[in-house]
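A quick write-up on the structure given underneath.
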Amino acid sequence: MRPFSKLLFIAFSMIFTQNYVLVQFIAICPFLGVSQNFDSCIGMSGAVIFVMTLASAVTWAIYTYIMIPLELTYLSTIIFILVIAALVQFVEIFLKKFLPPLYSALGIYLPLITTNCAVLAVTLLNISEGYTFVQSCVDGFSAGVGFGLALVIFCGVRKAVERAKPPKSWQGLPITLMAAALTSMTFMGFTGIADNLFK
Amino acid sequence: MKTSKWKIFTNGIFKENPVLILLLGCCSVLAISVTVSGALGMGAALTFVLVCSNIVVSLLRKIIPDKVRIPCFIVVIATFVTLVEMIVHAFLPALYESLGIFLSLIVVNCIVLGRAEMFASKNGVFDSLLDGLGMGIGYTIVIGGIAVIRELVGSGTLLGARIIPEGYQIGIITQTPGGFFMFGAAIALLVWALGKKGKKFDPRIGCDGCCGNCNLGCDNKEDNAKAQAVIAKEAEAK
Amino acid sequence: MKNSAFNDLIKPIIVLVCICLVVSFLLAYVNGITAPIIEDNARIKEAETIAAVMEGSTGFELLSEEEMGGAAGIGGIQKIYRETSGMGYVIIAANKGYGGLVTVTVGLDNSGKVIGLSADVGTETSGVGSKAGLPNYTDKYLGASGEANVDKISGATFSSTAVRNGVNQALQAFNEIN
C-alpha cells in the first residue's frame, strides 16, 4: 500500500469502520453524558480532536526517543496517562493565556478529557500498531473526528428518541442505549467498504 | 459496628452498584461482556486494582497534599494496572488477548478513580478495602450476568461449552449493537424491578458519580458547575 | 510565609516524585520476573504453531533479513522459517482484522503449495470473526499455490480478509525467496 493511501485508509477506518464509540466501545461515558445537546457535542468533539492529535504526536515522540532507548516500554500505560494529564493542563493554561476565544469555546470540556479513555486508547494503539509519526497523528486526528461524528449523529437520534413514548421501565437511559444500538448498527454497514476502497 | 462494615461492603453490590446505578465504567462492560470467561477475568482484574488502589490511597491520604491529589491517585492506579497487565500477560496469555486494550484502560475506568476520590481518600484502610471489594464484586456480577446472556444467545456457548446447537445463535448479540442492547435491557430490568418494590431508579450521571460528562472535572468544581449550568440551560431552553 | 511556600510548592512535588520513584522500582522488579516468562510463552507458542503447520518436520531455522531479500518488504510478513531437512518453509504474516492483528502461520512445501495453515484469531469477536480461525475455513486454503482465492466469510469479512491477505503475502514471499 502506498504511504498516502495508507494514511487515507487509517483515517477512513478510524472514522467509520473502526469508530471508537460505535464499534469499539471506547469512550462510552462522554458519549452518553454529553450527547444531550448539540453545542456541547461540538465543543467536546473539538476538544477531543485537539487533545488526541496532540497526545498522539507527543506520546509517539516520547515512546520512540525516550522509552525505547531506555527499555522502559513496560511503563507505557503509566507514562502515557501522566503525559496526557499534563498535556491537558498545559493546553488549558496555554489557551487561557493566548487564545481566549478558543478557550471559552473548549475550556469547560478540557478537564473532562484526561479520563476520557479514547485518548489513552489512541496513544496505546498507535504504539501497538507500529505507526510512524505521521500515521500516529492522522490516527489520533481521525479517531477524534470519528468520536465527534458519533456524538453529533447520536445527538440527533437522541432528540428524536425523546419524543417517543416507550414502556415505563424503558424510559430515559434504557431507550437511549437502544437508540445507540441502532446507530451502531448503521456503522456496521461500512465494514467491507474500507477493504475494497483501499486495495 | 459489624452492620456498618457489612453495609460498606454491600453498598457497592446493591445500593450503589457502580455499573447500573452510578453508571461508571460502562465501556469495558459493553466491550468485554462477550464471553463469560473474559468477563470474569475482567471483573477479577478490576477488583484487584480497585482493592489495591483503595488500600494504598487510604494509607497515603494524610501524606498526599490536596493539590497533587489526582495525579498521585492516577499514578497509584496506573501502577496496579501495569502490575495486573504484566501478570496476566505472563500467566494467562489467552485472557490477555481477549481483554486487549481494555486491560490498560482500567486506568481511566471511572470506577477506580471515582472510589479513590470519593471513598478511599476520606476513610480508613479497612473500610476502603471493603468498599473496593464490594464495588469490584458489584461490577463483576453485572458484567458476568450480561456476559452469560450474550454468550448463550450470541455464540450458543457457556464458558466455551456448546449449549445451543450451531446455527441457532443470534450473532449480532456478540457485536456492538448487541452490547448496547443488552446493557439497555439490563437497566430497564432494574428499573422495572425497583418499580415493583415501589422505589425509584435514580442514576447518578454527573458529578456525584464523578463520571459521565464530568469525569475528572470533579476536582474542578467551578468549571464543572459551569458545564452543568450550560447543560441545564440547554435542557430548559428545549 | 516561607513555610507556606514549602507546603504549597515543594511538598507536593516531593511527594509526587517519591511516589513515582517507588512505583518505578516496583514495576521494574515485577517486569524483571514476568518479561522472561512472556517471552518464553511467545516462543513456545510459535514453535508449536510452526511445527503444527508442517507435519513431520524435524527442525526450523529462521531466515535472516538478507536471506529474506525482497520478501522482507512485503507488508504483513513477520518471519520466515526454513525446515532444516528441506521440506519447505513456514511463513508468518500478521494483518489487521476486526479487533486487532490476525497472525497467520502458513506451511509451504518446496513447490510453493500450502500444506498447513493456522490463524490466530484471539483478538477477533468470539463466534463471529473467530470463525476465520476454525479448520473448516482455514482448510479451504490447503493445496493453494500462486494466489489463494478463497471466499470471505459473510459477516466476518474483516477477519477472513486478514487470513486471506496473510496467505497471499506468504505465497508472494515464497516466490521472492525462490
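All residue names refer to the C-alpha cells as shown: chains lettered A, B, ... in order, residues numbered from 1 in each chain, ligands numbered from 1 in order.
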Show me a table, sorted first by chain and then by increasing residue number, of the residues of chain A having an atom at most 7 Å from chain B, each with its shortest atom pair and the distance in Å to one decimal, counting only C-alpha atoms and written as JSON lines.
```
{"residue": "A:Leu22", "atom": "CA", "partner": "B:Thr176", "partner_atom": "CA", "distance": 7.0}
{"residue": "A:Val23", "atom": "CA", "partner": "B:Thr176", "partner_atom": "CA", "distance": 5.7}
{"residue": "A:Phe25", "atom": "CA", "partner": "B:Cys27", "partner_atom": "CA", "distance": 5.4}
{"residue": "A:Ile26", "atom": "CA", "partner": "B:Cys27", "partner_atom": "CA", "distance": 5.7}
{"residue": "A:Ala27", "atom": "CA", "partner": "B:Cys27", "partner_atom": "CA", "distance": 6.4}
{"residue": "A:Ile28", "atom": "CA", "partner": "B:Cys27", "partner_atom": "CA", "distance": 5.4}
{"residue": "A:Cys29", "atom": "CA", "partner": "B:Gly212", "partner_atom": "CA", "distance": 4.6}
{"residue": "A:Pro30", "atom": "CA", "partner": "B:Asn213", "partner_atom": "CA", "distance": 5.1}
{"residue": "A:Leu32", "atom": "CA", "partner": "B:Gly212", "partner_atom": "CA", "distance": 6.9}
{"residue": "A:Gly33", "atom": "CA", "partner": "B:Asn213", "partner_atom": "CA", "distance": 4.5}
{"residue": "A:Val34", "atom": "CA", "partner": "B:Asn213", "partner_atom": "CA", "distance": 5.5}
{"residue": "A:Asn37", "atom": "CA", "partner": "B:Glu234", "partner_atom": "CA", "distance": 6.8}
{"residue": "A:Thr77", "atom": "CA", "partner": "B:Ser104", "partner_atom": "CA", "distance": 6.6}
{"residue": "A:Ile78", "atom": "CA", "partner": "B:Ala78", "partner_atom": "CA", "distance": 5.1}
{"residue": "A:Ile108", "atom": "CA", "partner": "B:Asp223", "partner_atom": "CA", "distance": 5.8}
{"residue": "A:Pro111", "atom": "CA", "partner": "B:Gly217", "partner_atom": "CA", "distance": 5.3}
{"residue": "A:Leu112", "atom": "CA", "partner": "B:Asn215", "partner_atom": "CA", "distance": 5.2}
{"residue": "A:Thr114", "atom": "CA", "partner": "B:Leu216", "partner_atom": "CA", "distance": 6.8}
{"residue": "A:Thr115", "atom": "CA", "partner": "B:Val108", "partner_atom": "CA", "distance": 5.0}
{"residue": "A:Asn116", "atom": "CA", "partner": "B:Val108", "partner_atom": "CA", "distance": 6.9}
{"residue": "A:Cys117", "atom": "CA", "partner": "B:Val108", "partner_atom": "CA", "distance": 5.7}
{"residue": "A:Ala121", "atom": "CA", "partner": "B:Leu105", "partner_atom": "CA", "distance": 7.0}
{"residue": "A:Ser169", "atom": "CA", "partner": "B:Trp192", "partner_atom": "CA", "distance": 5.2}
{"residue": "A:Trp170", "atom": "CA", "partner": "B:Ala188", "partner_atom": "CA", "distance": 5.1}
{"residue": "A:Pro174", "atom": "CA", "partner": "B:Gly184", "partner_atom": "CA", "distance": 4.2}
{"residue": "A:Ile175", "atom": "CA", "partner": "B:Gly184", "partner_atom": "CA", "distance": 6.7}
{"residue": "A:Leu177", "atom": "CA", "partner": "B:Gly184", "partner_atom": "CA", "distance": 5.1}
{"residue": "A:Met178", "atom": "CA", "partner": "B:Phe181", "partner_atom": "CA", "distance": 5.3}
{"residue": "A:Ala180", "atom": "CA", "partner": "B:Phe180", "partner_atom": "CA", "distance": 6.4}
{"residue": "A:Ala181", "atom": "CA", "partner": "B:Pro177", "partner_atom": "CA", "distance": 4.1}
{"residue": "A:Leu182", "atom": "CA", "partner": "B:Pro177", "partner_atom": "CA", "distance": 6.4}
{"residue": "A:Ser184", "atom": "CA", "partner": "B:Pro177", "partner_atom": "CA", "distance": 5.6}
{"residue": "A:Met185", "atom": "CA", "partner": "B:Pro177", "partner_atom": "CA", "distance": 5.7}
```
Keeping only N, CA and C atoms, write the selected residues to a file as a CSV table (one decimal), in the first residue's frame.
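The result, stored in result.csv:
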```
chain,number,residue,atom,x,y,z
A,22,LEU,N,-18.8,3.8,18.4
A,22,LEU,CA,-19.9,2.9,18.0
A,22,LEU,C,-19.5,1.5,17.6
A,23,VAL,N,-18.2,1.3,17.4
A,23,VAL,CA,-17.7,0.0,17.0
A,23,VAL,C,-16.9,-0.7,18.1
A,25,PHE,N,-16.5,0.4,21.4
A,25,PHE,CA,-16.9,0.7,22.8
A,25,PHE,C,-15.9,1.4,23.6
A,26,ILE,N,-15.2,2.4,23.0
A,26,ILE,CA,-14.3,3.2,23.8
A,26,ILE,C,-14.9,4.6,24.0
A,27,ALA,N,-14.8,5.1,25.1
A,27,ALA,CA,-15.4,6.5,25.4
A,27,ALA,C,-16.9,6.5,25.4
A,28,ILE,N,-17.5,5.5,26.1
A,28,ILE,CA,-19.0,5.5,26.1
A,28,ILE,C,-19.5,6.5,27.1
A,29,CYS,N,-18.7,6.7,28.2
A,29,CYS,CA,-19.2,7.7,29.2
A,29,CYS,C,-19.5,9.1,28.7
A,30,PRO,N,-18.5,9.7,28.0
A,30,PRO,CA,-18.8,11.0,27.5
A,30,PRO,C,-19.8,11.0,26.4
A,32,LEU,N,-22.5,9.1,26.2
A,32,LEU,CA,-23.9,9.1,26.8
A,32,LEU,C,-24.1,10.4,27.6
A,33,GLY,N,-23.0,11.0,28.2
A,33,GLY,CA,-23.2,12.1,29.0
A,33,GLY,C,-23.4,13.4,28.3
A,34,VAL,N,-22.6,13.6,27.2
A,34,VAL,CA,-22.6,14.9,26.6
A,34,VAL,C,-23.6,15.0,25.4
A,37,ASN,N,-27.1,17.7,24.3
A,37,ASN,CA,-27.3,18.9,23.5
A,37,ASN,C,-26.2,19.2,22.5
A,77,THR,N,1.7,2.5,29.9
A,77,THR,CA,0.4,2.9,30.4
A,77,THR,C,0.6,4.1,31.3
A,78,ILE,N,1.4,3.9,32.3
A,78,ILE,CA,1.6,4.9,33.4
A,78,ILE,C,2.2,6.2,32.9
A,108,ILE,N,-14.3,24.5,29.0
A,108,ILE,CA,-15.0,23.7,30.1
A,108,ILE,C,-14.9,22.2,29.8
A,111,PRO,N,-10.9,19.8,31.1
A,111,PRO,CA,-10.6,18.9,32.3
A,111,PRO,C,-11.3,17.6,32.2
A,112,LEU,N,-12.4,17.5,31.4
A,112,LEU,CA,-13.1,16.2,31.3
A,112,LEU,C,-12.3,15.2,30.5
A,114,THR,N,-9.1,14.2,30.4
A,114,THR,CA,-8.0,13.3,31.0
A,114,THR,C,-8.4,11.9,31.1
A,115,THR,N,-9.6,11.7,31.7
A,115,THR,CA,-10.1,10.4,31.9
A,115,THR,C,-11.0,9.9,30.8
A,116,ASN,N,-11.0,10.6,29.7
A,116,ASN,CA,-11.7,10.0,28.5
A,116,ASN,C,-10.8,8.9,28.0
A,117,CYS,N,-11.4,7.7,28.0
A,117,CYS,CA,-10.5,6.6,27.7
A,117,CYS,C,-10.0,6.6,26.2
A,121,ALA,N,-6.5,5.3,24.9
A,121,ALA,CA,-6.6,4.2,23.9
A,121,ALA,C,-5.8,4.5,22.6
A,169,SER,N,-40.7,1.3,32.1
A,169,SER,CA,-39.3,0.9,32.6
A,169,SER,C,-38.2,1.2,31.5
A,170,TRP,N,-38.6,1.5,30.3
A,170,TRP,CA,-37.6,1.7,29.3
A,170,TRP,C,-37.3,3.2,29.1
A,174,PRO,N,-32.4,3.5,29.3
A,174,PRO,CA,-32.5,2.3,28.5
A,174,PRO,C,-32.9,2.5,27.1
A,175,ILE,N,-33.8,3.4,26.8
A,175,ILE,CA,-34.2,3.6,25.4
A,175,ILE,C,-33.1,4.4,24.7
A,177,LEU,N,-29.9,3.8,25.2
A,177,LEU,CA,-29.0,2.8,24.8
A,177,LEU,C,-29.5,2.0,23.6
A,178,MET,N,-30.8,1.8,23.6
A,178,MET,CA,-31.4,1.1,22.5
A,178,MET,C,-31.1,1.9,21.2
A,180,ALA,N,-28.7,3.8,20.7
A,180,ALA,CA,-27.3,3.7,20.4
A,180,ALA,C,-27.0,2.4,19.7
A,181,ALA,N,-27.7,1.3,20.1
A,181,ALA,CA,-27.6,0.1,19.4
A,181,ALA,C,-27.9,0.2,17.9
A,182,LEU,N,-29.0,0.9,17.6
A,182,LEU,CA,-29.4,1.0,16.2
A,182,LEU,C,-28.4,1.9,15.5
A,184,SER,N,-25.3,2.2,16.1
A,184,SER,CA,-24.0,1.5,15.8
A,184,SER,C,-24.2,0.4,14.8
A,185,MET,N,-25.5,0.0,14.6
A,185,MET,CA,-25.8,-1.0,13.6
A,185,MET,C,-25.6,-0.3,12.2
```
Practice task
Kindly determine which residues of chain B lie within 7 Å of chain C, considering only C-alpha atoms, and give the answer as a list in words.
Solution key: Ile64, Pro65, Lys67, Val68, Cys72, Thr79, Leu83, Met86, Ile87, His89, Ala90, Glu97, Ser98, Ser155 and Gly171 of chain B
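Coordinates place CA of Gln89 (chain A) at a distance of 15.5 Å from CA of Thr59 (chain A).
Comparing A:Glu162, A:Asp139, A:Asp39, A:Glu71 by their smallest distance to Ala55 (chain A), the closest is A:Asp139 (using only C-alpha atoms).
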